[in-house]
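Undergrad: You'll find upload03.txt just under this line, and it carries compact mmCIF, C-alpha atoms.
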# COMPACT_ATOMS: atom_id res chain seq x y z
CA MET A 1 -26.01 -18.61 20.97
CA ALA A 2 -24.84 -15.23 19.69
CA LEU A 3 -24.41 -14.89 15.95
CA ALA A 4 -22.06 -12.08 14.86
CA ARG A 5 -23.28 -9.85 12.06
CA PHE A 6 -22.25 -10.62 8.49
CA SER A 7 -20.05 -7.89 7.02
CA PRO A 8 -21.05 -6.23 3.71
CA PHE A 9 -18.48 -8.22 1.76
CA GLU A 10 -19.55 -11.52 3.31
CA LEU A 11 -23.13 -10.80 2.27
CA LEU A 12 -21.98 -9.96 -1.26
CA LEU A 13 -19.97 -13.17 -1.39
CA LEU A 14 -22.93 -15.24 -0.20
CA LYS A 15 -25.28 -13.65 -2.73
CA SER A 16 -22.80 -13.84 -5.58
CA ARG A 17 -23.34 -16.21 -8.48
CA HIS A 18 -19.66 -17.10 -8.56
CA GLN A 19 -17.66 -16.59 -5.38
CA THR A 20 -14.21 -16.70 -6.98
CA ASP A 21 -15.19 -13.97 -9.42
CA THR A 22 -16.53 -11.73 -6.67
CA ALA A 23 -13.31 -12.26 -4.71
CA GLY A 24 -11.26 -11.46 -7.83
CA LEU A 25 -13.25 -8.29 -8.39
CA LEU A 26 -12.63 -7.11 -4.83
CA LEU A 27 -8.89 -7.63 -5.28
CA MET A 28 -9.03 -5.69 -8.54
CA ALA A 29 -10.91 -2.92 -6.74
CA TRP A 30 -8.06 -2.96 -4.22
CA VAL A 31 -5.59 -2.43 -7.06
CA LEU A 32 -7.78 0.44 -8.22
CA ALA A 33 -7.96 1.98 -4.74
CA SER A 34 -4.18 1.79 -4.31
CA LYS A 35 -3.67 4.25 -7.15
CA GLY A 36 -4.41 7.06 -4.71
CA HIS A 37 -7.51 8.53 -6.28
CA ILE A 38 -9.87 6.73 -8.65
CA THR A 39 -10.45 8.59 -11.89
CA ASP A 40 -13.44 8.12 -14.20
CA PRO A 41 -11.47 6.34 -16.96
CA ASP A 42 -10.25 3.89 -14.30
CA ARG A 43 -13.80 3.24 -13.15
CA GLN A 44 -14.90 2.74 -16.76
CA ARG A 45 -12.05 0.30 -17.38
CA PHE A 46 -12.96 -1.61 -14.25
CA ALA A 47 -16.59 -1.85 -15.36
CA ASP A 48 -15.47 -3.05 -18.81
CA LEU A 49 -13.23 -5.71 -17.32
CA ALA A 50 -16.03 -6.81 -14.97
CA HIS A 51 -18.15 -7.89 -17.95
CA GLU A 52 -16.08 -11.04 -18.17
CA PHE A 53 -16.87 -12.00 -14.57
CA ARG A 54 -19.93 -13.98 -13.52
CA HIS A 55 -20.69 -12.13 -10.30
CA GLY A 56 -24.23 -10.77 -10.72
CA HIS A 57 -24.13 -7.76 -8.36
CA ASP A 58 -23.16 -4.09 -8.37
CA LEU A 59 -19.53 -3.00 -8.42
CA GLU A 60 -19.96 0.13 -6.34
CA PRO A 61 -20.07 -1.66 -2.92
CA LEU A 62 -16.87 -3.49 -3.84
CA ILE A 63 -15.08 -0.24 -4.62
CA GLU A 64 -16.29 1.24 -1.32
CA ILE A 65 -14.97 -1.75 0.62
CA ALA A 66 -11.63 -1.54 -1.18
CA VAL A 67 -11.29 2.21 -0.61
CA ALA A 68 -11.89 1.66 3.11
CA GLN A 69 -8.95 -0.82 3.05
CA ASP A 70 -11.05 -3.42 4.90
CA LEU A 71 -8.33 -5.96 5.64
CA ALA A 72 -10.77 -8.67 6.78
CA ALA A 73 -12.68 -8.48 3.50
CA ILE A 74 -9.47 -8.47 1.43
CA GLN A 75 -8.19 -11.46 3.37
CA LEU A 76 -11.44 -13.34 2.77
CA ALA A 77 -11.25 -12.56 -0.95
CA ALA A 78 -7.62 -13.67 -1.05
CA GLU A 79 -8.52 -16.94 0.68
CA VAL A 80 -11.30 -17.65 -1.79
CA LEU A 81 -8.97 -16.93 -4.69
CA HIS A 82 -6.18 -18.97 -3.09
CA LYS A 83 -8.38 -22.09 -3.14
CA ASP A 84 -8.60 -21.65 -6.89
CA SER A 85 -4.88 -20.98 -7.36
CA GLY A 86 -3.20 -22.68 -10.28
CA GLY A 87 -6.56 -22.84 -12.05
CA GLU A 88 -7.11 -21.74 -15.60
CA ARG A 89 -8.43 -18.36 -14.45
CA ALA A 90 -5.09 -17.37 -12.86
CA TYR A 91 -3.46 -15.94 -16.00
CA PRO A 92 -6.47 -14.01 -17.34
CA PHE A 93 -7.07 -12.58 -13.88
CA LEU A 94 -3.47 -11.39 -13.51
CA ARG A 95 -3.62 -9.89 -16.99
CA GLN A 96 -6.77 -7.96 -16.10
CA ALA A 97 -5.32 -6.76 -12.78
CA THR A 98 -2.16 -5.61 -14.58
CA ALA A 99 -4.16 -3.78 -17.21
CA LEU A 100 -6.09 -2.01 -14.48
CA ALA A 101 -2.94 -1.12 -12.55
CA VAL A 102 -1.26 0.57 -15.52
CA ASN A 103 -4.41 2.00 -17.06
CA ASP A 104 -3.04 5.55 -16.98
CA GLY A 105 0.49 4.54 -17.89
CA LYS A 106 2.32 4.38 -14.59
CA LEU A 107 2.62 1.58 -12.04
CA THR A 108 2.57 2.89 -8.47
CA THR A 109 4.84 1.39 -5.83
CA ALA A 110 1.86 0.11 -3.86
CA ASN A 111 0.46 -1.61 -6.93
CA TYR A 112 3.82 -3.17 -7.73
CA HIS A 113 3.71 -4.93 -4.36
CA ILE A 114 0.03 -5.81 -4.72
CA LEU A 115 0.66 -7.40 -8.11
CA CYS A 116 3.54 -9.39 -6.61
CA PHE A 117 1.18 -10.54 -3.87
CA LEU A 118 -1.55 -11.54 -6.33
CA ALA A 119 0.90 -13.46 -8.50
CA ASP A 120 2.28 -15.25 -5.44
CA LEU A 121 -1.28 -15.98 -4.29
CA LEU A 122 -2.16 -17.60 -7.59
CA GLY A 123 1.05 -19.60 -7.70
CA VAL A 124 2.61 -17.87 -10.70
CA ALA A 125 6.43 -17.78 -10.67
CA PRO A 126 8.21 -14.38 -10.87
CA ALA A 127 9.71 -15.03 -14.31
CA GLU A 128 6.34 -16.04 -15.72
CA PHE A 129 4.63 -13.04 -14.23
CA ALA A 130 7.32 -10.69 -15.53
CA ALA A 131 6.77 -12.09 -19.03
CA LEU A 132 3.01 -11.70 -18.65
CA PHE A 133 3.42 -8.12 -17.45
CA GLU A 134 5.66 -7.26 -20.36
CA ALA A 135 3.24 -8.83 -22.83
CA THR A 136 0.33 -6.86 -21.35
CA THR A 137 1.94 -3.46 -20.94
CA GLY A 138 5.03 -3.50 -23.15
CA LYS A 139 7.20 -2.50 -20.20
CA ALA A 140 9.49 -4.52 -17.97
CA PHE A 141 8.19 -5.48 -14.53
CA GLU A 142 10.78 -4.01 -12.23
CA ALA A 143 10.80 -2.69 -8.70
CA PRO A 144 10.06 1.03 -8.55
CA GLU A 145 12.26 3.50 -6.71
CA ASP A 146 12.44 3.07 -2.96
CA PRO A 147 10.63 5.92 -1.14
CA SER A 148 12.45 5.17 2.11
CA ARG A 149 15.65 6.56 0.57
CA THR A 150 16.76 10.14 0.10
CA ALA A 151 17.54 9.66 -3.59
CA TYR A 152 13.89 8.93 -4.40
CA TRP A 153 12.69 12.27 -3.06
CA GLN A 154 15.50 14.24 -4.63
CA ALA A 155 14.77 12.75 -8.05
CA LYS A 156 11.04 13.24 -7.63
CA GLU A 157 11.26 16.85 -6.55
CA ARG A 158 13.77 17.65 -9.26
CA GLN A 159 11.33 16.27 -11.83
CA GLN A 160 8.50 18.34 -10.43
CA GLY A 161 10.72 21.42 -10.52
CA HIS A 162 11.62 20.71 -14.15
CA ARG A 163 7.98 20.34 -15.08
CA GLU A 164 7.09 23.66 -13.49
CA GLN A 165 10.06 25.37 -15.11
CA SER A 166 9.23 24.02 -18.53
CA GLN A 167 5.64 25.17 -18.12
CA GLU A 168 6.83 28.65 -17.22
CA ARG A 169 9.22 28.62 -20.12
CA SER A 170 6.55 27.67 -22.63
CA GLU A 171 4.29 30.42 -21.32
CA GLN A 172 7.11 32.93 -21.65
CA ALA A 173 7.85 31.76 -25.15
CA GLN A 174 4.24 32.32 -26.12
CA GLN A 175 4.32 35.82 -24.72
CA ASP A 176 7.56 36.52 -26.54
CA GLU A 177 6.03 35.39 -29.80
CA HIS A 178 3.12 37.73 -29.33
CA GLN A 179 5.48 40.62 -28.71
CA GLN A 180 7.75 39.68 -31.59
CA TYR A 181 5.07 39.73 -34.22
CA GLY A 182 4.05 43.29 -33.52
CA SER A 183 4.73 44.62 -37.01
CA ARG A 184 5.53 42.97 -40.26
CA GLU A 185 8.75 44.81 -40.99
CA GLU A 186 10.27 43.87 -37.70
CA ARG A 187 9.43 40.28 -38.41
CA HIS A 188 11.10 40.49 -41.80
CA GLU A 189 14.28 41.99 -40.38
CA GLU A 190 14.37 39.44 -37.69
CA ARG A 191 14.05 36.59 -40.16
CA GLU A 192 16.93 37.95 -42.23
CA GLN A 193 19.08 38.20 -39.15
CA GLN A 194 18.17 34.70 -38.15
CA GLN A 195 19.09 33.37 -41.55
CA LYS A 196 22.41 35.17 -41.40
CA ARG A 197 23.06 33.72 -38.00
CA LYS A 198 22.16 30.24 -39.19
CA HIS A 199 24.49 30.59 -42.12
CA GLU A 200 27.41 31.56 -39.95
CA TYR A 201 26.56 28.78 -37.55
CA SER A 202 26.45 26.16 -40.27
CA TRP A 203 29.81 27.38 -41.52
CA GLN A 204 31.28 26.99 -38.11
CA ARG A 205 29.77 23.57 -37.77
CA ASN A 206 31.15 22.46 -41.09
CA ASP A 207 34.57 23.59 -40.00
CA TYR A 208 34.16 21.70 -36.80
CA ARG A 209 33.09 18.54 -38.61
CA HIS A 210 36.03 18.86 -40.91
CA HIS A 211 38.33 18.99 -37.93
CA GLN A 212 36.69 15.99 -36.39
CA ARG A 213 36.92 13.97 -39.55
CA HIS A 214 40.60 14.75 -39.79
CA GLU A 215 41.15 13.61 -36.26
CA GLN A 216 39.20 10.46 -36.87
CA HIS A 217 41.20 9.67 -39.98
CA SER A 218 44.35 10.05 -38.02
CA ARG A 219 42.97 7.59 -35.47
CA ALA A 220 41.91 5.23 -38.28
CA HIS A 221 38.22 5.24 -37.28
CA GLN A 222 35.85 5.14 -40.20
CA SER A 223 32.44 5.00 -38.52
CA PRO A 224 30.99 7.85 -36.43
CA PRO A 225 31.31 7.36 -32.66
CA PRO A 226 28.73 4.77 -31.56
CA ASN A 227 25.87 6.03 -29.45
CA ASP A 228 24.94 4.66 -26.06
CA ARG A 229 22.39 2.14 -27.28
CA THR A 230 24.80 0.68 -29.81
CA ARG A 231 27.41 0.32 -27.11
CA ARG A 232 24.96 -1.47 -24.84
CA ALA A 233 23.78 -3.76 -27.62
CA LEU A 234 27.40 -4.62 -28.39
CA ALA A 235 28.02 -5.32 -24.71
CA VAL A 236 25.09 -7.76 -24.70
CA LEU A 237 26.84 -9.67 -27.49
CA GLY A 238 30.14 -9.40 -25.63
CA LEU A 239 31.84 -7.22 -28.24
CA GLU A 240 33.93 -4.06 -28.11
CA PRO A 241 32.73 -0.83 -29.80
CA GLY A 242 33.74 -0.82 -33.45
CA ALA A 243 33.02 -4.51 -34.17
CA SER A 244 32.32 -5.36 -37.79
CA ARG A 245 29.07 -6.79 -39.15
CA ASN A 246 30.68 -10.16 -39.58
CA GLU A 247 31.88 -10.26 -36.00
CA ILE A 248 28.41 -9.29 -34.77
CA ARG A 249 26.80 -12.06 -36.79
CA LYS A 250 29.26 -14.64 -35.48
CA ALA A 251 28.82 -13.56 -31.87
CA TYR A 252 25.05 -13.64 -32.25
CA ARG A 253 25.02 -17.17 -33.67
CA ARG A 254 27.26 -18.45 -30.91
CA LEU A 255 25.22 -16.81 -28.11
CA ALA A 256 21.88 -17.74 -29.64
CA GLN A 257 22.87 -21.40 -29.69
CA LEU A 258 24.11 -21.18 -26.13
CA HIS A 259 21.02 -19.48 -24.71
CA HIS A 260 18.26 -20.95 -26.84
CA PRO A 261 15.26 -21.94 -24.64
CA ASP A 262 14.97 -25.32 -26.37
CA ARG A 263 18.33 -26.30 -24.94
CA VAL A 264 17.04 -26.23 -21.35
CA PHE A 265 13.54 -27.42 -22.14
CA ALA A 266 13.99 -30.59 -20.11
CA LYS A 267 15.09 -28.67 -17.01
CA GLY A 268 11.69 -27.23 -16.23
CA GLU A 269 9.59 -24.17 -16.91
CA ALA A 270 11.53 -21.69 -14.80
CA MET A 271 14.81 -22.44 -16.60
CA THR A 272 13.10 -22.22 -19.98
CA ALA A 273 11.55 -18.88 -19.06
CA SER A 274 14.84 -17.36 -17.95
CA ALA A 275 16.63 -18.72 -21.04
CA SER A 276 13.88 -17.24 -23.17
CA GLN A 277 14.44 -13.85 -21.55
CA ARG A 278 18.18 -13.99 -22.22
CA PHE A 279 17.59 -15.13 -25.79
CA GLN A 280 15.14 -12.27 -26.38
CA ARG A 281 17.71 -9.78 -25.13
CA ILE A 282 20.38 -11.16 -27.43
CA LYS A 283 18.01 -11.21 -30.38
CA LYS A 284 16.90 -7.64 -29.75
CA ALA A 285 20.49 -6.44 -29.55
CA TYR A 286 21.37 -8.25 -32.77
CA ASP A 287 18.33 -6.90 -34.64
CA TYR A 288 19.13 -3.38 -33.54
CA LEU A 289 22.78 -3.64 -34.58
CA MET A 290 21.87 -5.07 -37.96
CA GLU A 291 19.47 -2.21 -38.55
CA ALA A 292 21.86 0.44 -37.29
CA SER A 293 24.99 -0.62 -39.14
CA MET B 1 11.03 -0.57 0.80
CA ARG B 2 12.46 -0.36 4.28
CA ASP B 3 10.23 0.12 7.30
CA LEU B 4 11.78 3.26 8.77
CA TYR B 5 9.51 3.21 11.82
CA GLN B 6 10.54 -0.30 12.71
CA ARG B 7 14.21 0.52 12.21
CA LEU B 8 13.94 3.62 14.39
CA GLY B 9 12.00 1.66 16.99
CA VAL B 10 8.91 3.89 17.04
CA ASP B 11 5.24 3.33 16.29
CA SER B 12 4.04 4.38 12.83
CA ARG B 13 1.43 6.68 14.43
CA ALA B 14 3.98 8.41 16.66
CA SER B 15 3.98 12.20 16.87
CA ASP B 16 6.51 14.37 15.05
CA ASP B 17 8.37 15.14 18.28
CA THR B 18 8.79 11.48 19.19
CA ILE B 19 10.09 10.74 15.72
CA ARG B 20 12.53 13.63 15.84
CA GLN B 21 13.87 12.37 19.16
CA ALA B 22 14.20 8.85 17.78
CA ILE B 23 16.07 10.15 14.72
CA ASP B 24 18.43 12.18 16.92
CA ALA B 25 19.12 9.12 19.04
CA CYS B 26 19.74 6.93 15.97
CA LYS B 27 23.35 5.82 15.60
CA HIS B 28 23.22 4.61 12.00
CA ASN B 29 24.22 7.62 9.90
CA ALA B 30 22.74 6.56 6.54
CA LEU B 31 19.46 5.62 8.18
CA LYS B 32 19.48 8.92 10.06
CA THR B 33 19.82 10.92 6.83
CA ASP B 34 17.10 8.96 5.08
CA ALA B 35 14.72 9.17 8.03
CA ARG B 36 15.30 12.94 8.22
CA THR B 37 14.52 13.36 4.54
CA VAL B 38 11.42 11.21 4.54
CA LEU B 39 9.77 11.59 7.93
CA GLU B 40 10.47 15.20 8.87
CA VAL B 41 8.67 16.70 5.87
CA LYS B 42 4.91 16.47 6.26
CA SER B 43 3.91 15.84 2.63
CA ARG B 44 6.60 13.19 2.19
CA ARG B 45 5.63 11.48 5.43
CA GLU B 46 1.98 11.33 4.34
CA GLU B 47 2.89 9.67 1.06
CA TYR B 48 5.28 7.30 2.81
CA ASP B 49 2.61 6.43 5.39
CA ARG B 50 0.08 5.50 2.71
CA LEU B 51 2.53 3.10 1.13
CA HIS B 52 3.57 1.85 4.55
CA ALA B 53 -0.05 1.00 5.40
CA THR B 54 -0.50 -0.94 2.15
CA LEU B 55 2.72 -2.89 2.63
CA THR B 56 1.83 -3.67 6.25
CA ASP B 57 -1.52 -5.00 5.03
CA ILE B 58 0.20 -7.16 2.44
CA GLY B 59 2.58 -8.45 5.10
CA ARG B 60 -0.33 -9.42 7.37
CA LEU B 61 -2.18 -11.08 4.50
CA ARG B 62 0.89 -13.10 3.58
CA ALA B 63 1.40 -14.20 7.17
CA ARG B 64 -2.21 -15.32 7.47
CA LEU B 65 -2.32 -17.06 4.09
CA GLY B 66 1.00 -18.84 4.58
CA LEU B 67 2.76 -17.02 1.71
CA THR B 68 5.79 -16.00 3.72
CA HIS B 69 8.54 -17.69 1.74
CA GLY B 70 7.66 -17.16 -1.90
CA PRO B 71 10.37 -16.12 -4.36
CA TYR B 72 8.74 -12.68 -4.60
CA TRP B 73 9.71 -11.78 -1.07
CA GLN B 74 13.32 -12.88 -0.92
CA ASP B 75 15.01 -9.60 -1.74
CA ASN B 76 15.89 -7.35 1.19
CA VAL B 77 13.41 -4.70 0.10
CA ALA B 78 10.24 -6.45 1.20
CA ASN B 79 11.69 -8.25 4.18
CA ASP B 80 10.88 -5.47 6.64
CA PHE B 81 7.22 -6.27 6.13
CA SER B 82 7.51 -10.05 6.40
CA LEU B 83 5.90 -11.44 9.54
CA PRO B 84 6.11 -14.94 11.00
CA PRO B 85 3.31 -17.26 9.84
CA ASP B 86 0.02 -16.75 11.64
CA THR B 87 -2.11 -19.62 12.90
CA SER B 88 -5.40 -17.79 13.35
CA VAL B 89 -8.57 -19.31 11.87
CA PRO B 90 -8.91 -18.46 8.17
CA HIS B 91 -11.73 -16.01 7.47
CA HIS B 92 -13.29 -18.27 4.89
CA ASP B 93 -13.61 -21.14 7.36
CA ALA B 94 -15.04 -18.74 9.93
CA LEU B 95 -17.56 -17.51 7.37
CA LEU B 96 -18.60 -21.06 6.48
CA SER B 97 -19.07 -22.02 10.13
CA ARG B 98 -21.17 -18.90 10.73
CA VAL B 99 -23.33 -19.65 7.71
CA ALA B 100 -23.77 -23.22 8.97
CA GLN B 101 -24.80 -21.88 12.38
CA ALA B 102 -27.31 -19.49 10.83
CA VAL B 103 -28.76 -22.34 8.77
CA THR B 104 -29.15 -24.52 11.88
CA LEU B 105 -30.95 -21.74 13.72
CA HIS B 106 -33.20 -21.15 10.74
CA ASN B 107 -34.12 -24.83 10.46
CA ARG B 108 -34.72 -25.14 14.18
CA TRP B 109 -37.05 -22.17 14.13
CA HIS B 110 -39.02 -23.67 11.27
CA ARG B 111 -39.30 -27.08 12.94
CA TYR B 112 -40.40 -25.87 16.41
CA ARG B 113 -42.32 -22.86 15.19
CA ALA B 114 -45.85 -24.28 15.82
CA PRO B 115 -45.43 -25.42 19.48
CA TRP B 116 -43.56 -22.23 20.34
CA LEU B 117 -46.24 -20.04 18.75
CA VAL B 118 -49.05 -21.92 20.54
CA GLY B 119 -47.21 -21.76 23.86
CA GLY B 120 -46.38 -18.08 23.39
CA LEU B 121 -49.96 -17.11 22.49
CA PHE B 122 -51.30 -19.11 25.45
CA ALA B 123 -48.91 -17.35 27.83
CA LEU B 124 -49.80 -13.96 26.36
CA GLY B 125 -53.53 -14.69 26.78
CA ILE B 126 -53.05 -15.64 30.44
CA ILE B 127 -51.02 -12.51 31.14
CA LEU B 128 -53.60 -10.31 29.43
CA GLY B 129 -56.40 -12.03 31.38
CA ILE B 130 -54.62 -11.48 34.68
CA ALA B 131 -53.98 -7.84 33.82
CA LEU B 132 -57.65 -7.34 32.86
CA CYS B 133 -58.85 -8.95 36.09
CA HIS B 134 -56.50 -6.77 38.07
CA TRP B 135 -57.75 -3.65 36.35
CA LEU B 136 -61.44 -4.49 36.69
CA LEU B 137 -61.43 -5.67 40.29
For the file at hand, write its structure as structure tokens.

TA:
Amino acid sequence: MALARFSPFELLLLKSRHQTDTAGLLLMAWVLASKGHITDPDRQRFADLAHEFRHGHDLEPLIEIAVAQDLAAIQLAAEVLHKDSGGERAYPFLRQATALAVNDGKLTTANYHILCFLADLLGVAPAEFAALFEATTGKAFEAPEDPSRTAYWQAKERQQGHREQSQERSEQAQQDEHQQYGSREERHEEREQQQKRKHEYSWQRNDYRHHQRHEQHSRAHQSPPPNDRTRRALAVLGLEPGASRNEIRKAYRRLAQLHHPDRVFAKGEAMTASASQRFQRIKKAYDYLMEAS
Amino acid sequence: MRDLYQRLGVDSRASDDTIRQAIDACKHNALKTDARTVLEVKSRREEYDRLHATLTDIGRLRARLGLTHGPYWQDNVANDFSLPPDTSVPHHDALLSRVAQAVTLHNRWHRYRAPWLVGGLFALGIILGIALCHWLL
């Protein structure tokens, strides 16, 4: 009767004081490992979060297993956690995993999919998880750019180029400053010139504004042109740019009644959650417009 | 994310030449452009491969855990990595059966330890005696 060897994770699981917690910790280590490289603040955060677990063993072996992407171990952990799905630990666990995933501010594509998997594993609906993610991080839970498309790489490399350029520019600016402040007199002259230039510029701008105002008067527009956010907020309320305060208030009351979560309370949690999202959007738009106008 | 390897019909560990040939033979123009951009530059392909490995793992896990039809996986993005449900033995059940087996062996050893030890020592003594006789005579 041959008995196969127990793998390191199986031994950890058998020695653990609480199997579900050990499994949860391995999955969190997987989230950590999927960031690419594990930084010290990440490790520290992981250790802090692990205080709430009742595992009773070291974390280092778990991180090693996760870094090696041991699929058998991850599957075992997922199975253990799956047996406990829908339990009271599901939400706290997802919150901790989310906090770990966005510890340094950015959610990687791999971690987006892992979080989806964990939420699905624990039986949490997408709308609920999106709300939880937003509450934890303050950002919306949305799919990241798709790296199998050309656009992703173009955008990414453009950003990198910009960053390098701006670095170069700031270095140049520093050098320029050093050269500029060679002698005091030069500096004085320069400042006078600058002031003169500013003066002329402000004159020109005033003229320009004057022109604009005239044009606006002729078009019978009294408010300055609305910015992009105002336009979007108005679109949420279904209004055209240039709507009055009264119109905004009326539209808000009508939409708030229509989309209030209490209206669909009897239709189940998913409907309530989606209504709540819509209501929040409407409320945010209204609050912004009331502040802006 | 789309699985470019699957769509090109090549293995994810294929060499650069094989991939270039597959891209040249591809008849879908948009896919061809994307595959050129992503797979023909080494640094991009490395990053894509890392993500590809993670998503493949997630796909396998979902197939084995029976999570193939959740609402999370219904958009076209993740569908390339969805596999049909797997009916292999769950690892947790396998672990439990192995632990049970180990426990049985352990108990059996403890129960039959005394007769086995006596028998073993007796046999050892006889063998040693025979060897000694052989050596002396």

Undergrad: Within 12 Å of range 39-46 of chain B, counting all atoms listed in the file, which residues show up once you throw out same-chain ones fewer than 5 positions away? Write them as a count of residues only, please.

TA: 35

Undergrad: How close does each residue of range 144-170 of chain A get to range 106-129 of chain A, giving the shortest atom pair and distance in Å to one decimal for every residue with an atom at most 9 Å away, counting all atoms listed in the file, sorted by chain and residue number, as a Markdown table?

TA:
| residue | atom | partner | partner_atom | distance |
| --- | --- | --- | --- | --- |
| A:Pro144 | CA | A:Thr109 | CA | 5.9 |
| A:Glu145 | CA | A:Thr109 | CA | 7.8 |
| A:Asp146 | CA | A:Thr109 | CA | 8.3 |
| A:Pro147 | CA | A:Thr109 | CA | 8.7 |

Undergrad: Define the interface residues of chain B facing chain A as those within 7 Å, counting only C-alpha atoms, and report them as an mmCIF file with C-alpha atoms, keeping the file's coordinate frame.

TA:
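Saved the output as selection.cif:
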data_model
loop_
_atom_site.group_PDB
_atom_site.id
_atom_site.type_symbol
_atom_site.label_atom_id
_atom_site.label_comp_id
_atom_site.auth_asym_id
_atom_site.auth_seq_id
_atom_site.Cartn_x
_atom_site.Cartn_y
_atom_site.Cartn_z
ATOM 1 C CA MET B 1 11.030 -0.570 0.800
ATOM 2 C CA ARG B 2 12.460 -0.360 4.280
ATOM 3 C CA LEU B 4 11.780 3.260 8.770
ATOM 4 C CA ASP B 34 17.100 8.960 5.080
ATOM 5 C CA THR B 37 14.520 13.360 4.540
ATOM 6 C CA VAL B 38 11.420 11.210 4.540
ATOM 7 C CA TYR B 48 5.280 7.300 2.810
ATOM 8 C CA LEU B 51 2.530 3.100 1.130
ATOM 9 C CA THR B 54 -0.500 -0.940 2.150
ATOM 10 C CA ASP B 57 -1.520 -5.000 5.030
ATOM 11 C CA LEU B 61 -2.180 -11.080 4.500
ATOM 12 C CA GLY B 70 7.660 -17.160 -1.900
ATOM 13 C CA TYR B 72 8.740 -12.680 -4.600
ATOM 14 C CA HIS B 91 -11.730 -16.010 7.470
ATOM 15 C CA HIS B 92 -13.290 -18.270 4.890
#

Undergrad: Please indicate the distance in Å from CA of Leu95 in chain B to CA of Ala47 in chain A, rounded to one decimal place.

TA: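 Answer for the CA of Leu95 in chain B to CA of Ala47 in chain A separation: 27.6 Å.
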
Undergrad: One number please: CA of Arg17 in chain A to CA of His55 in chain A, in Å, one decimal.

TA: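 A separation of 5.2 Å between them.
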
Undergrad: Put a box with edges along x, y and z around all the listed atoms of range 49-55 of chain A, pad it by 3 Å on each side, then give me its centre and sizes in Å, one decimal, as JSON.

TA:
{"center_x": -17.0, "center_y": -9.8, "center_z": -14.2, "size_x": 13.5, "size_y": 14.3, "size_z": 13.9}

Undergrad: Kindly provide, as a ChimeraX atom specification, the polymer residues lying within 6 Å of (-8.1, -4.7, -11.5), counting only C-alpha atoms and using the coordinates exactly as they appear in the file.

TA: /A:28-29,31,96-97,100

Undergrad: Looking at only C-alpha atoms, which of B:His110, B:Arg98, B:Arg36, B:Arg60 is the one that sits closest to Phe81 in chain B?

TA: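 Closest to Phe81 in chain B, using only C-alpha atoms: B:Arg60.
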
Undergrad: Separation of CA of Leu12 in chain A and CA of Arg45 in chain A, in Å?

TA: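 We find that CA of Leu12 in chain A and CA of Arg45 in chain A lie 21.5 Å from each other.
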
Undergrad: Once you count only C-alpha atoms, what closest atom pair and distance in Å to one decimal does each residue of range 237-270 of chain A within 7 Å of range 276-290 of chain A have, with rows by chain and rising residue number, as CSV?

TA:
residue,atom,partner,partner_atom,distance
A:Leu237,CA,A:Ile282,CA,6.6
A:Tyr252,CA,A:Tyr286,CA,6.5
A:Ala256,CA,A:Phe279,CA,6.3
A:His259,CA,A:Phe279,CA,5.6
A:His260,CA,A:Phe279,CA,6.0
A:Pro261,CA,A:Ser276,CA,5.1

Undergrad: Between A:Gly24, A:Pro61, A:Gly56, A:Pro92, single out the one closest to Thr136 in chain A, counting only C-alpha atoms.

TA: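 Smallest separation from Thr136 in chain A among the options: A:Pro92.
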
Undergrad: Of the candidates B:Leu132, B:Leu83, B:Val103, B:Leu124, which shows the shortest atom-to-atom distance to Gly66 in chain B, using only C-alpha atoms?

TA: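 Result for the nearest residue to Gly66 in chain B: B:Leu83.
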
Undergrad: Find the residue from A:Leu25, A:Arg254, A:Gln165, A:Leu32 that sits nearest to His51 in chain A; use only C-alpha atoms when measuring.

TA: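 Using only C-alpha atoms, the shortest distance to His51 in chain A belongs to A:Leu25.
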
Undergrad: Excluding Thr68 in chain B and residues on its chain fewer than 4 positions from it, collect all residues at most 8 Å away from it, counting only C-alpha atoms, and give them as a list of chain:residue names.

TA: B:Arg62, B:Ala63, B:Trp73, B:Ser82, B:Leu83, B:Pro84, B:Pro85
